[in-house]
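Shown next, in structure tokens, is the structure this report addresses.
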Amino acid sequence: MACADVDMDIHGGDEAPRLPGRRHPPIMQHYQASELMPDNIGPLHDLLQKQPAVLGSLQMMSGLLSVGVGILFAATQEINHSLLNLFRVSHMTGLLFIIAGVVSNLLFKYPALLPVSLAVNCGCIIVAVVSACLIGVDLADWTPENDQLWRMELLELCLLGLEVFLSAILCFWFSKEKRAKST
């Protein structure tokens with residue numbers, strides 16, 4: 001949005017006097033900015049133009065879905081039946097991604113959270129990779145009688161892939177902005 005520092009008073013002293021009973025053309029007055037003022041560019045302007053809050057919201061939604069899968073998994077399976085259920089992988093990754101999404105959404109209001117958001121998203125990637133390895137071990141142990149288990153673990157693996165993808169994009173953007181900010 002452009003701003004101008006212009007006198008906005010109506011100056012009408014140079015008009016001809018109007019005589020009664022005569023038809024006069026309407027007087028046209030308009031304003032024109034003579035000097036444009038640049039917009040104030042806030043901190044993290046370039047980063048916020050990329051809408052990291054959208055990816056943060058997607059992180060929160062996938063985290064909620066992951067927690068839901070974990071609850072469903074915990075309610076239907078025995079705790080020692082799989083590593084996914086034993087270590088509560090879905091709950092842990094889901095809560096971590098919900099936190100990462102909230103911090104990414106708060107960047108607009110609190111730009112000082114950039115290093116925190118970068119650290120949380122990097123931590124999310126590490127935890128998701130470890131969780132994917134645990135799910136891979138469970139899937140390697142697959143037998144036809146636990147077909148339902150296989151599908152739920154495959155769903156959780158797909159969710160982890162989505163979450164890693166979102167966190168990787170955000171980490172790239174945040175590290176790029178942090179480097180630009182430090183120079």
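Lettering and numbering for the structure tokens are positional, with chains as A, B, ... in the shown order, residues counted from 1 in each chain, and ligands counted from 1 in the shown order.
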Practice prompt. Identify, on the basis of only C-alpha atoms, every residue whose closest approach to Ser57 of chain A does not exceed 9 Å; exclude the query and any residue fewer than 5 positions from it along the same chain; express the result as a list of chain:residue names.
Written response: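 Non-adjacent residues within range: A:Pro52, A:Ser62, A:Ile98, A:Gly101, A:Val102, A:Ser104, A:Asn105.
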Can you spit out the residues from that selection as a PDB file, in the first residue's frame, using all heavy atoms?
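What landed in part28.pdb:
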```pdb
ATOM      1  N   PRO A  52       4.495 -19.605   5.527  1.00  0.00           N
ATOM      2  CA  PRO A  52       4.847 -20.780   6.319  1.00  0.00           C
ATOM      3  C   PRO A  52       3.721 -21.201   7.266  1.00  0.00           C
ATOM      4  O   PRO A  52       3.697 -22.340   7.723  1.00  0.00           O
ATOM      5  CB  PRO A  52       6.087 -20.331   7.101  1.00  0.00           C
ATOM      6  CG  PRO A  52       5.962 -18.860   7.188  1.00  0.00           C
ATOM      7  CD  PRO A  52       5.304 -18.432   5.894  1.00  0.00           C
ATOM      8  N   SER A  62      -1.755 -32.990  10.217  1.00  0.00           N
ATOM      9  CA  SER A  62      -1.174 -34.332  10.096  1.00  0.00           C
ATOM     10  C   SER A  62      -0.761 -34.862  11.468  1.00  0.00           C
ATOM     11  O   SER A  62      -0.838 -36.071  11.720  1.00  0.00           O
ATOM     12  CB  SER A  62       0.018 -34.326   9.134  1.00  0.00           C
ATOM     13  OG  SER A  62       1.065 -33.538   9.637  1.00  0.00           O
ATOM     14  N   ILE A  98       2.405 -31.266  16.042  1.00  0.00           N
ATOM     15  CA  ILE A  98       1.434 -30.239  16.446  1.00  0.00           C
ATOM     16  C   ILE A  98       2.182 -29.034  17.028  1.00  0.00           C
ATOM     17  O   ILE A  98       1.885 -27.877  16.695  1.00  0.00           O
ATOM     18  CB  ILE A  98       0.420 -30.810  17.456  1.00  0.00           C
ATOM     19  CG1 ILE A  98      -0.519 -31.799  16.756  1.00  0.00           C
ATOM     20  CG2 ILE A  98      -0.395 -29.699  18.101  1.00  0.00           C
ATOM     21  CD1 ILE A  98      -1.399 -32.587  17.701  1.00  0.00           C
ATOM     22  N   GLY A 101       3.884 -27.143  14.229  1.00  0.00           N
ATOM     23  CA  GLY A 101       2.914 -26.355  13.471  1.00  0.00           C
ATOM     24  C   GLY A 101       2.495 -25.095  14.192  1.00  0.00           C
ATOM     25  O   GLY A 101       2.361 -24.025  13.592  1.00  0.00           O
ATOM     26  N   VAL A 102       2.317 -25.197  15.505  1.00  0.00           N
ATOM     27  CA  VAL A 102       1.940 -24.010  16.294  1.00  0.00           C
ATOM     28  C   VAL A 102       3.061 -22.984  16.267  1.00  0.00           C
ATOM     29  O   VAL A 102       2.816 -21.785  16.064  1.00  0.00           O
ATOM     30  CB  VAL A 102       1.588 -24.424  17.747  1.00  0.00           C
ATOM     31  CG1 VAL A 102       1.493 -23.212  18.642  1.00  0.00           C
ATOM     32  CG2 VAL A 102       0.292 -25.203  17.775  1.00  0.00           C
ATOM     33  N   SER A 104       5.368 -22.629  13.978  1.00  0.00           N
ATOM     34  CA  SER A 104       5.445 -22.072  12.622  1.00  0.00           C
ATOM     35  C   SER A 104       4.345 -21.042  12.386  1.00  0.00           C
ATOM     36  O   SER A 104       4.556 -20.053  11.682  1.00  0.00           O
ATOM     37  CB  SER A 104       5.338 -23.193  11.580  1.00  0.00           C
ATOM     38  OG  SER A 104       6.435 -24.063  11.679  1.00  0.00           O
ATOM     39  N   ASN A 105       3.183 -21.264  12.962  1.00  0.00           N
ATOM     40  CA  ASN A 105       2.093 -20.299  12.823  1.00  0.00           C
ATOM     41  C   ASN A 105       2.352 -19.031  13.627  1.00  0.00           C
ATOM     42  O   ASN A 105       1.877 -17.955  13.260  1.00  0.00           O
ATOM     43  CB  ASN A 105       0.760 -20.913  13.253  1.00  0.00           C
ATOM     44  CG  ASN A 105       0.135 -21.729  12.160  1.00  0.00           C
ATOM     45  OD1 ASN A 105       0.208 -21.377  10.991  1.00  0.00           O
ATOM     46  ND2 ASN A 105      -0.487 -22.827  12.524  1.00  0.00           N
TER      47      ASN A 105
END
```
Item to complete: Tell me which protein, DNA and RNA residues are within 9 Å of segment 74-84 of chain A, counting only C-alpha atoms, leaving out same-chain ones fewer than 2 positions away, and put them as a list in words.
Response: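 Everything that qualifies: Val69, Gly70, Ile71, Leu72, Leu86, Phe87, Arg88, Val89, Ser90, Ser131, Leu134, Ile135, Val137, Asp138, Leu149 and Glu153 of chain A.
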Store the residues of this selection in a file with all heavy atoms, as a compact mmCIF listing (two decimals), in the first residue's frame.
```txt
# COMPACT_ATOMS: atom_id res chain seq x y z
N VAL A 69 -4.46 -41.95 14.84
CA VAL A 69 -4.04 -43.31 14.45
C VAL A 69 -3.40 -44.01 15.64
O VAL A 69 -3.64 -45.20 15.88
CB VAL A 69 -3.07 -43.26 13.25
CG1 VAL A 69 -2.39 -44.59 13.02
CG2 VAL A 69 -3.82 -42.84 11.99
N GLY A 70 -2.62 -43.27 16.41
CA GLY A 70 -1.99 -43.86 17.60
C GLY A 70 -3.01 -44.30 18.64
O GLY A 70 -2.87 -45.36 19.25
N ILE A 71 -4.05 -43.49 18.83
CA ILE A 71 -5.11 -43.86 19.78
C ILE A 71 -5.84 -45.10 19.29
O ILE A 71 -6.11 -46.03 20.06
CB ILE A 71 -6.07 -42.68 20.00
CG1 ILE A 71 -5.36 -41.58 20.79
CG2 ILE A 71 -7.33 -43.12 20.73
CD1 ILE A 71 -6.12 -40.29 20.88
N LEU A 72 -6.15 -45.11 18.00
CA LEU A 72 -6.82 -46.28 17.42
C LEU A 72 -5.94 -47.52 17.53
O LEU A 72 -6.42 -48.61 17.87
CB LEU A 72 -7.18 -46.00 15.96
CG LEU A 72 -7.92 -47.09 15.22
CD1 LEU A 72 -9.33 -47.27 15.81
CD2 LEU A 72 -8.00 -46.77 13.75
N LEU A 86 4.41 -50.09 21.17
CA LEU A 86 5.24 -50.17 22.37
C LEU A 86 5.87 -48.82 22.71
O LEU A 86 5.85 -48.40 23.87
CB LEU A 86 6.33 -51.23 22.18
CG LEU A 86 7.27 -51.46 23.36
CD1 LEU A 86 6.50 -52.03 24.55
CD2 LEU A 86 8.39 -52.39 22.95
N PHE A 87 6.40 -48.14 21.71
CA PHE A 87 7.07 -46.86 21.95
C PHE A 87 6.14 -45.66 21.75
O PHE A 87 6.61 -44.51 21.82
CB PHE A 87 8.30 -46.73 21.05
CG PHE A 87 9.39 -47.68 21.39
CD1 PHE A 87 9.75 -48.69 20.52
CD2 PHE A 87 10.06 -47.58 22.61
CE1 PHE A 87 10.76 -49.57 20.83
CE2 PHE A 87 11.07 -48.45 22.93
CZ PHE A 87 11.43 -49.46 22.04
N ARG A 88 4.87 -45.93 21.49
CA ARG A 88 3.89 -44.85 21.26
C ARG A 88 4.41 -43.85 20.21
O ARG A 88 4.39 -42.64 20.39
CB ARG A 88 3.57 -44.11 22.55
CG ARG A 88 3.04 -44.98 23.66
CD ARG A 88 1.65 -45.43 23.36
NE ARG A 88 1.08 -46.10 24.54
CZ ARG A 88 0.27 -47.12 24.46
NH1 ARG A 88 -0.09 -47.59 23.29
NH2 ARG A 88 -0.21 -47.68 25.54
N VAL A 89 4.87 -44.42 19.11
CA VAL A 89 5.47 -43.63 18.04
C VAL A 89 4.47 -42.62 17.48
O VAL A 89 4.80 -41.44 17.28
CB VAL A 89 5.99 -44.56 16.92
CG1 VAL A 89 6.39 -43.78 15.70
CG2 VAL A 89 7.15 -45.39 17.44
N SER A 90 3.24 -43.04 17.25
CA SER A 90 2.24 -42.14 16.67
C SER A 90 1.93 -40.98 17.59
O SER A 90 1.79 -39.84 17.13
CB SER A 90 0.95 -42.91 16.36
OG SER A 90 1.20 -43.93 15.44
N SER A 131 11.27 -43.00 13.80
CA SER A 131 9.95 -43.66 13.85
C SER A 131 9.72 -44.49 12.59
O SER A 131 9.16 -45.59 12.67
CB SER A 131 8.85 -42.62 13.99
OG SER A 131 9.02 -41.88 15.16
N LEU A 134 11.50 -47.72 13.00
CA LEU A 134 10.76 -48.64 13.87
C LEU A 134 9.58 -49.27 13.12
O LEU A 134 9.32 -50.48 13.26
CB LEU A 134 10.26 -47.91 15.11
CG LEU A 134 11.31 -47.50 16.13
CD1 LEU A 134 10.69 -46.65 17.22
CD2 LEU A 134 11.97 -48.73 16.72
N ILE A 135 8.89 -48.49 12.33
CA ILE A 135 7.77 -49.03 11.56
C ILE A 135 8.29 -50.00 10.50
O ILE A 135 7.67 -51.04 10.24
CB ILE A 135 6.96 -47.88 10.93
CG1 ILE A 135 6.24 -47.10 12.02
CG2 ILE A 135 5.94 -48.42 9.92
CD1 ILE A 135 5.55 -45.85 11.54
N VAL A 137 10.86 -51.95 10.79
CA VAL A 137 11.14 -53.21 11.49
C VAL A 137 9.84 -53.98 11.71
O VAL A 137 9.79 -55.21 11.52
CB VAL A 137 11.86 -52.94 12.83
CG1 VAL A 137 11.92 -54.19 13.69
CG2 VAL A 137 13.26 -52.40 12.58
N ASP A 138 8.77 -53.27 12.10
CA ASP A 138 7.47 -53.93 12.26
C ASP A 138 6.95 -54.49 10.94
O ASP A 138 6.40 -55.60 10.91
CB ASP A 138 6.42 -52.94 12.82
CG ASP A 138 6.50 -52.80 14.32
OD1 ASP A 138 7.19 -53.61 14.96
OD2 ASP A 138 5.86 -51.86 14.84
N LEU A 149 -2.94 -54.72 11.17
CA LEU A 149 -1.77 -54.05 11.71
C LEU A 149 -0.92 -53.47 10.58
O LEU A 149 -0.46 -52.34 10.66
CB LEU A 149 -0.96 -55.04 12.54
CG LEU A 149 0.40 -54.60 13.05
CD1 LEU A 149 0.22 -53.63 14.18
CD2 LEU A 149 1.20 -55.79 13.49
N GLU A 153 0.01 -49.46 10.08
CA GLU A 153 1.40 -49.03 10.11
C GLU A 153 1.80 -48.39 8.78
O GLU A 153 2.57 -47.43 8.77
CB GLU A 153 2.31 -50.21 10.44
CG GLU A 153 2.21 -50.62 11.89
CD GLU A 153 3.30 -51.57 12.33
OE1 GLU A 153 4.30 -51.72 11.60
OE2 GLU A 153 3.17 -52.14 13.41
```
Practice prompt. With a distance cut-off of 9 Å and only C-alpha atoms, select the neighbouring residues of Leu113 of chain A, excluding the residue or stretch itself and same-chain residues fewer than 4 positions from it, and output the selection as a list in words.
Written response: Val103, Ser104, Leu106, Leu107, Ser117 and Leu118 of chain A
Worksheet entry | Shortest interatomic distance to Gly63 of chain A - which of A:Asp39, A:Glu163, A:Asp46, A:Glu177, counting only C-alpha atoms |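 Checking each of A:Asp39, A:Glu163, A:Asp46, A:Glu177 against Gly63 of chain A, counting only C-alpha atoms, the winner is A:Glu163.
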Fill in: Test item: residues at most 12 Å from Met61 of chain A, only C-alpha atoms, excluding those fewer than 4 positions along its chain, as a list in words
Val54, Leu55, Gly56, Ser57, Leu65, Ser66, Val67, Gly68, Gly94, Leu95, Leu96, Phe97, Ile98, Ile99, Ala100, Gly101, Val102, Leu159, Leu162, Glu163 and Leu166 of chain A
Practice prompt. Give me the residues within 10 Å of Phe165 of chain A as a list in words, counting only C-alpha atoms and dropping any in the same chain fewer than 6 places off.
Written response: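 Counting only C-alpha atoms, the residues come to Gln59, Ile125, Leu159 and Cys171 of chain A.
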Would you put the residues from that selection into a file with N, CA and C atoms, as an mmCIF file, in the first residue's frame?
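Wrote it out as result_18.cif, contents follow:
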```
data_model
loop_
_atom_site.group_PDB
_atom_site.id
_atom_site.type_symbol
_atom_site.label_atom_id
_atom_site.label_comp_id
_atom_site.auth_asym_id
_atom_site.auth_seq_id
_atom_site.Cartn_x
_atom_site.Cartn_y
_atom_site.Cartn_z
ATOM 1 N N GLN A 59 1.018 -29.193 9.151
ATOM 2 C CA GLN A 59 1.739 -29.985 10.149
ATOM 3 C C GLN A 59 0.828 -30.308 11.336
ATOM 4 N N ILE A 125 12.132 -33.885 12.028
ATOM 5 C CA ILE A 125 12.668 -34.737 10.961
ATOM 6 C C ILE A 125 13.430 -35.913 11.562
ATOM 7 N N LEU A 159 1.939 -40.928 6.722
ATOM 8 C CA LEU A 159 1.831 -39.680 7.486
ATOM 9 C C LEU A 159 3.210 -39.145 7.858
ATOM 10 N N CYS A 171 12.262 -26.154 7.145
ATOM 11 C CA CYS A 171 13.660 -26.027 7.578
ATOM 12 C C CYS A 171 14.492 -25.312 6.518
#
```
Discussion item. For a test of reading the model, state the distance in Å between atom CA of Ala128 of chain A and atom CA of Leu160 of chain A, rounded to one decimal.
Written reply: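 Separation between atom CA of Ala128 of chain A and atom CA of Leu160 of chain A: 6.0 Å.
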